[in-house]
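Student: Just one file: run-v6.csv, with CSV, C-alpha atoms.
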```
chain,number,residue,atom,x,y,z
A,250,MET,CA,-28.6,-84.8,-8.1
A,251,THR,CA,-31.8,-84.1,-9.9
A,252,ALA,CA,-31.7,-81.8,-12.9
A,253,GLY,CA,-33.3,-78.4,-12.5
A,254,ASN,CA,-33.4,-78.1,-8.7
A,255,GLU,CA,-29.8,-78.3,-7.6
A,256,GLU,CA,-26.6,-76.9,-9.0
A,257,ALA,CA,-23.9,-79.4,-10.0
A,258,THR,CA,-20.8,-79.7,-8.0
A,259,VAL,CA,-17.9,-77.8,-9.5
A,260,ALA,CA,-14.4,-79.1,-9.0
A,261,ILE,CA,-11.6,-76.5,-9.2
A,262,ALA,CA,-8.8,-77.8,-11.3
A,263,PRO,CA,-5.4,-78.1,-9.7
A,264,PRO,CA,-3.2,-76.6,-8.7
A,265,VAL,CA,-4.8,-75.1,-5.6
A,266,THR,CA,-2.5,-74.8,-2.6
A,267,ILE,CA,-2.8,-73.7,0.9
A,268,GLU,CA,0.2,-71.5,1.5
A,269,LEU,CA,-0.4,-70.3,5.1
A,270,LEU,CA,-2.3,-71.4,8.1
A,271,LEU,CA,-2.6,-69.0,11.0
A,272,ALA,CA,-4.3,-69.7,14.3
A,273,SER,CA,-3.6,-67.2,17.1
A,274,PRO,CA,-4.9,-67.4,20.6
A,275,ARG,CA,-5.4,-63.6,20.7
A,276,SER,CA,-5.7,-60.6,18.5
A,277,ARG,CA,-2.5,-58.6,17.8
A,278,TYR,CA,-4.3,-55.6,16.3
A,279,VAL,CA,-6.0,-53.9,19.3
A,280,GLY,CA,-6.1,-50.2,20.1
A,281,ARG,CA,-4.8,-47.5,17.8
A,282,PRO,CA,-2.7,-48.6,14.8
A,283,ALA,CA,-0.2,-45.8,15.5
A,284,ASP,CA,0.7,-47.6,18.7
A,285,GLY,CA,1.7,-50.7,16.8
A,286,PRO,CA,0.6,-54.3,17.2
A,287,GLU,CA,0.7,-56.4,20.3
A,288,PRO,CA,3.7,-58.7,20.7
A,289,PRO,CA,3.3,-62.2,19.3
A,290,PRO,CA,1.8,-64.8,21.7
A,291,ALA,CA,4.2,-67.2,23.5
A,292,GLY,CA,3.1,-70.1,21.2
A,293,PRO,CA,3.2,-70.4,17.5
A,294,GLU,CA,0.7,-68.7,15.2
A,295,LEU,CA,1.7,-70.3,12.0
A,296,HIS,CA,1.0,-74.0,11.6
A,297,GLU,CA,1.6,-76.9,9.3
A,298,SER,CA,-1.9,-78.1,10.0
A,299,VAL,CA,-5.0,-76.8,11.8
A,300,GLU,CA,-8.1,-78.6,13.2
A,301,LEU,CA,-11.5,-77.2,12.4
A,302,ARG,CA,-14.7,-77.9,14.3
A,303,ALA,CA,-18.1,-77.6,12.7
A,304,GLY,CA,-19.8,-74.3,13.8
A,305,LEU,CA,-16.9,-73.3,16.1
A,306,GLY,CA,-13.9,-72.5,13.9
A,307,ILE,CA,-10.2,-73.4,14.2
A,308,VAL,CA,-9.1,-75.0,17.4
A,309,GLY,CA,-6.7,-72.6,19.2
A,310,ASP,CA,-7.7,-69.5,17.3
A,311,ARG,CA,-9.0,-66.3,18.9
A,312,TYR,CA,-12.4,-66.7,17.3
A,313,PHE,CA,-12.9,-70.4,18.2
A,314,ALA,CA,-16.4,-70.9,19.7
A,315,LYS,CA,-17.0,-67.1,20.1
A,316,PRO,CA,-20.8,-66.5,19.6
A,317,ALA,CA,-20.1,-63.1,18.0
A,318,HIS,CA,-18.1,-64.9,15.3
A,319,ARG,CA,-20.5,-67.8,14.5
A,320,GLY,CA,-20.7,-67.9,10.7
A,321,ALA,CA,-17.4,-66.0,10.4
A,322,SER,CA,-14.9,-67.9,12.5
A,323,VAL,CA,-12.5,-68.8,9.6
A,324,THR,CA,-11.0,-66.3,7.2
A,325,LEU,CA,-10.1,-67.5,3.7
A,326,PHE,CA,-7.8,-65.3,1.7
A,327,ALA,CA,-6.2,-65.6,-1.8
A,328,ALA,CA,-2.5,-65.0,-2.1
A,329,GLU,CA,-3.2,-63.4,-5.5
A,330,SER,CA,-5.3,-60.7,-3.8
A,331,LEU,CA,-2.3,-59.6,-1.8
A,332,GLU,CA,-0.2,-59.5,-4.9
A,333,ALA,CA,-2.9,-57.4,-6.6
A,334,VAL,CA,-2.8,-55.0,-3.7
A,335,ALA,CA,0.9,-54.7,-4.1
A,336,ARG,CA,0.5,-53.9,-7.8
A,337,LEU,CA,-2.3,-51.3,-7.0
A,338,LEU,CA,0.1,-49.6,-4.6
A,339,ASP,CA,3.0,-49.9,-7.1
A,340,LEU,CA,5.2,-51.7,-4.6
A,341,ASP,CA,8.4,-53.5,-5.6
A,342,GLU,CA,8.4,-55.9,-2.7
A,343,PRO,CA,5.7,-58.5,-1.9
A,344,LEU,CA,3.4,-57.8,1.1
A,345,ASP,CA,3.5,-60.0,4.1
A,346,ALA,CA,0.5,-62.4,4.2
A,347,VAL,CA,1.0,-63.0,7.9
A,348,ALA,CA,0.4,-59.3,8.6
A,349,ALA,CA,-3.0,-59.6,6.9
A,350,ARG,CA,-4.0,-62.0,9.8
A,351,ARG,CA,-6.1,-64.3,7.7
A,352,ASN,CA,-6.4,-68.0,8.8
A,353,VAL,CA,-6.2,-69.8,5.5
A,354,VAL,CA,-4.2,-68.3,2.6
A,355,THR,CA,-4.7,-70.1,-0.8
A,356,ARG,CA,-3.2,-69.9,-4.2
A,357,GLY,CA,-5.3,-70.8,-7.3
A,358,LEU,CA,-8.7,-70.1,-5.8
A,359,ASP,CA,-10.7,-67.0,-6.4
A,360,VAL,CA,-11.8,-66.7,-2.8
A,361,ASP,CA,-13.7,-63.4,-3.2
A,362,ALA,CA,-16.0,-64.9,-5.9
A,363,LEU,CA,-17.2,-67.6,-3.5
A,364,ARG,CA,-19.6,-65.5,-1.4
A,365,GLY,CA,-22.8,-67.5,-0.6
A,366,ARG,CA,-21.3,-70.8,-1.7
A,367,THR,CA,-20.2,-73.9,0.1
A,368,ILE,CA,-16.8,-75.3,-0.6
A,369,SER,CA,-15.0,-78.4,0.2
A,370,LEU,CA,-11.2,-78.3,0.9
A,371,ASP,CA,-9.3,-81.5,1.1
A,372,THR,CA,-5.6,-81.5,1.9
A,373,GLY,CA,-5.3,-85.3,2.4
A,374,ASP,CA,-7.2,-85.9,5.6
A,375,GLY,CA,-10.7,-85.8,4.1
A,376,PRO,CA,-12.9,-82.9,3.0
A,377,VAL,CA,-13.7,-79.9,5.2
A,378,LEU,CA,-16.9,-78.1,4.2
A,379,LEU,CA,-16.9,-74.3,4.6
A,380,ARG,CA,-19.9,-72.0,4.1
A,381,VAL,CA,-18.5,-68.8,2.6
A,382,ASN,CA,-20.6,-66.1,4.2
A,383,ARG,CA,-19.3,-62.6,3.9
A,384,PRO,CA,-16.3,-60.5,3.1
A,385,ALA,CA,-13.4,-60.2,5.5
A,386,ASN,CA,-13.3,-56.4,5.3
A,387,PRO,CA,-9.9,-54.8,5.8
A,388,CYS,CA,-9.3,-52.4,8.7
A,389,ALA,CA,-7.1,-49.3,9.2
A,390,TRP,CA,-4.3,-51.6,10.6
A,391,MET,CA,-3.5,-52.6,7.0
A,392,ASP,CA,-2.0,-49.2,6.3
A,393,HIS,CA,0.4,-49.7,9.2
A,394,VAL,CA,1.3,-53.3,9.0
A,395,LEU,CA,1.3,-53.9,5.2
A,396,ALA,CA,1.8,-50.5,3.4
A,397,PRO,CA,0.3,-47.0,3.3
A,398,GLY,CA,-2.8,-47.2,1.2
A,399,ALA,CA,-3.4,-51.0,1.8
A,400,PHE,CA,-6.6,-50.4,3.8
A,401,ARG,CA,-8.3,-48.9,0.8
A,402,ALA,CA,-6.6,-51.1,-1.8
A,403,MET,CA,-7.8,-54.3,0.0
A,404,ARG,CA,-11.5,-53.4,-0.3
A,405,GLY,CA,-13.1,-56.2,-2.2
A,406,LEU,CA,-9.9,-58.2,-2.0
A,407,GLY,CA,-9.8,-59.0,1.8
A,408,GLY,CA,-10.9,-62.5,1.6
A,409,MET,CA,-14.1,-64.1,3.0
A,410,ARG,CA,-15.4,-65.0,6.5
A,411,CYS,CA,-16.5,-68.6,6.6
A,412,GLU,CA,-18.2,-71.1,8.9
A,413,PRO,CA,-16.9,-74.7,9.1
A,414,LEU,CA,-19.8,-77.1,8.5
A,415,THR,CA,-17.8,-80.3,9.2
A,416,ASP,CA,-14.9,-81.2,11.5
A,417,GLY,CA,-11.6,-81.9,9.9
A,418,VAL,CA,-7.9,-81.0,9.3
A,419,LEU,CA,-6.3,-78.7,6.8
A,420,ARG,CA,-2.6,-78.9,6.0
A,421,LEU,CA,-0.2,-76.7,4.0
A,422,GLY,CA,0.2,-77.9,0.4
A,423,THR,CA,-1.9,-79.1,-2.4
A,424,ALA,CA,-5.7,-79.0,-1.9
A,425,THR,CA,-8.6,-80.5,-3.8
A,426,VAL,CA,-11.4,-78.0,-3.9
A,427,GLU,CA,-15.1,-78.5,-4.8
A,428,VAL,CA,-17.7,-75.7,-5.0
A,429,ASP,CA,-21.2,-76.6,-3.8
A,430,PRO,CA,-20.4,-80.2,-3.0
A,431,ALA,CA,-23.0,-82.6,-1.8
A,432,ASP,CA,-23.2,-82.2,2.0
A,433,PRO,CA,-22.4,-85.6,3.6
A,434,ARG,CA,-24.6,-84.7,6.5
A,435,ASP,CA,-27.6,-84.8,4.2
A,436,VAL,CA,-27.0,-88.4,3.1
A,437,HIS,CA,-29.5,-90.7,4.9
A,438,PRO,CA,-29.2,-94.5,4.8
A,439,ALA,CA,-31.9,-96.3,2.7
```
Give the structure from this file in structure tokens form.
Tutor:
Amino acid sequence: MTAGNEEATVAIAPPVTIELLLASPRSRYVGRPADGPEPPPAGPELHESVELRAGLGIVGDRYFAKPAHRGASVTLFAAESLEAVARLLDLDEPLDAVAARRNVVTRGLDVDALRGRTISLDTGDGPVLLRVNRPANPCAWMDHVLAPGAFRAMRGLGGMRCEPLTDGVLRLGTATVEVDPADPRDVHPA
């Protein structure tokens, strides 16, 4: 990198972990929240690992390759944000991260502070680059599936919608994270 015209890569010190990976073939929150969510799909929604494709999203997820979700096909969410929501609501019990319907739930990473950045997540199969584009705003369903008041409490804490820039695999467990890493697609042989 040359001084003055590029920001340095910032490595996030461990421990960063991926606690939950959700890929669902269809949405469960359709219609009116008062009617309740759709039943779970026949196959699993929670996974030990997920495969990401550049520009398309998570293989098997409802937003994979959907034109309306380009740039926002993967939702990244901090477990600490859900804990903050529980504190804001003065709840004694933890909230269910699965009910928030975010794809990748991390611990040790301030997801909501990453807007406009590119991050690299590596869980052992090589880095996956994600462009962190915009907030994953909560919806009225949160009041019904998490707790009354969760919809409002999650504003600014709902995670971020991302676009995968490279193909790769993410797994549950420890992750190495870099903010604004060098993009391997920009490296040209001499």
Student: Grab the atom CA of A:Val354 to atom CA of A:Gly375 distance for me, in Å with one decimal place.
Tutor: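 Straight-line distance from atom CA of A:Val354 to atom CA of A:Gly375 works out to 18.7 Å.
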Student: Around the point (1.8, -81.0, 3.8), in the coordinates given by the file, pick out the residues reaching within 10 Å, counting only C-alpha atoms, and return them as number ranges by chain.
Tutor: A: 266-268, 297-298, 372-373, 419-424
Student: Using only C-alpha atoms, find the one residue out of A:Ile307, A:Val279, A:Val334, A:Leu271 that sits nearest to A:Ser322.
Tutor: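 Between A:Ile307, A:Val279, A:Val334, A:Leu271, the residue approaching A:Ser322 most closely is A:Ile307.
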Student: Would you compute the distance between atom CA of A:Ala362 and atom CA of A:Pro384? Give it in Å to one decimal.
Tutor: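 Value for the atom CA of A:Ala362-atom CA of A:Pro384 distance: 10.0 Å.
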Student: Near A:Met409, counting all atoms listed in the file, which residues have an atom at most 6 Å away, once you skip same-chain residues fewer than 4 positions from it, shown as JSON, numbers by chain?
Tutor: {"A": [324, 325, 383, 384, 385]}
Student: Which residue is closest to A:Asp374? Choose from A:Pro343, A:Pro290, A:Gly306, A:Gly417 and count all atoms listed in the file.
Tutor: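 For A:Asp374, the nearest of the given residues is A:Gly417.
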Student: Just checking: using only C-alpha atoms, which residue out of A:Gly304, A:Pro316, A:Gly309, A:Pro387 ends up closest to A:Arg275?
Tutor: A:Gly309
Student: Quick one: residues within 10 Å of A:Glu294, only C-alpha atoms counted, chain neighbours fewer than 3 positions away excluded, as a PyMOL selection string?
Tutor: chain A and resi 270-275+289-291+309-310+347+350+352
Student: As a list in words, please: the residues near A:Pro397 (cut-off 9 Å, all atoms listed in the file, same-chain neighbours under 5 positions excluded).
Tutor: Leu338, Met391 and Asp392 of chain A
Student: Go ahead and write the selection's residues with C-alpha atoms as a compact mmCIF listing (two decimals), keeping the file's coordinate frame.
Tutor:
```
# COMPACT_ATOMS: atom_id res chain seq x y z
CA LEU A 338 0.10 -49.60 -4.60
CA MET A 391 -3.50 -52.60 7.00
CA ASP A 392 -2.00 -49.20 6.30
```
Student: Interatomic distance between atom CA of A:Asp429 and atom CA of A:Gly405?
Tutor: 22.0 Å
Student: Considering only C-alpha atoms, can you say which of A:Glu427, A:Glu332, A:Glu287, A:Asp371 comes closest to A:Asp345?
Tutor: A:Glu332
Student: Residues within 8 Å of (-14.1, -68.8, 1.6), file coordinates, counting only C-alpha atoms: what are they? Give the list as a short mmCIF file (atom, residue, chain, number, x, y, z; two decimals) with C-alpha atoms, in the coordinates of the input.
Tutor:
```
data_model
loop_
_atom_site.label_atom_id
_atom_site.label_comp_id
_atom_site.auth_asym_id
_atom_site.auth_seq_id
_atom_site.Cartn_x
_atom_site.Cartn_y
_atom_site.Cartn_z
CA THR A 324 -11.00 -66.30 7.20
CA LEU A 325 -10.10 -67.50 3.70
CA PHE A 326 -7.80 -65.30 1.70
CA VAL A 360 -11.80 -66.70 -2.80
CA ASP A 361 -13.70 -63.40 -3.20
CA LEU A 363 -17.20 -67.60 -3.50
CA ARG A 364 -19.60 -65.50 -1.40
CA ILE A 368 -16.80 -75.30 -0.60
CA LEU A 379 -16.90 -74.30 4.60
CA ARG A 380 -19.90 -72.00 4.10
CA VAL A 381 -18.50 -68.80 2.60
CA ASN A 382 -20.60 -66.10 4.20
CA GLY A 408 -10.90 -62.50 1.60
CA MET A 409 -14.10 -64.10 3.00
CA ARG A 410 -15.40 -65.00 6.50
CA CYS A 411 -16.50 -68.60 6.60
#
```
Student: Which of these residues is nearest to A:Leu295, using all atoms listed in the file: A:Lys315, A:Arg366, A:Arg281, A:Arg351?
Tutor: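 Of A:Lys315, A:Arg366, A:Arg281, A:Arg351, the one nearest A:Leu295 is A:Arg351, counting all atoms listed in the file.
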Student: To test the calculation: enclose all listed atoms of stretch 287-290 of chain A in a box whose edges run along x, y and z, add 8 Å on each side, then state centre and edge lengths in Å to one decimal, as JSON.
Tutor:
```
{"center_x": 2.2, "center_y": -60.6, "center_z": 20.5, "size_x": 19.0, "size_y": 24.4, "size_z": 18.4}
```
Student: Write out as a PDB file with C-alpha atoms, in the coordinates of the input each polymer residue whose atoms come within 12 Å of A:Asp284, counting only C-alpha atoms; drop sequence neighbours fewer than 5 positions from it.
Tutor:
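result23.pdb was written with the following content:
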```
ATOM      1  CA  ARG A 277      -2.500 -58.600  17.800  1.00  0.00           C
ATOM      2  CA  TYR A 278      -4.300 -55.600  16.300  1.00  0.00           C
ATOM      3  CA  VAL A 279      -6.000 -53.900  19.300  1.00  0.00           C
ATOM      4  CA  TRP A 390      -4.300 -51.600  10.600  1.00  0.00           C
ATOM      5  CA  HIS A 393       0.400 -49.700   9.200  1.00  0.00           C
ATOM      6  CA  VAL A 394       1.300 -53.300   9.000  1.00  0.00           C
TER       7      VAL A 394
END
```
Student: Between A:Gly292, A:Ala303, A:Asn386, A:Val308, which one has atoms that come closest to A:Asp416, using all atoms listed in the file?
Tutor: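 For A:Asp416, the nearest of the candidates is A:Ala303.
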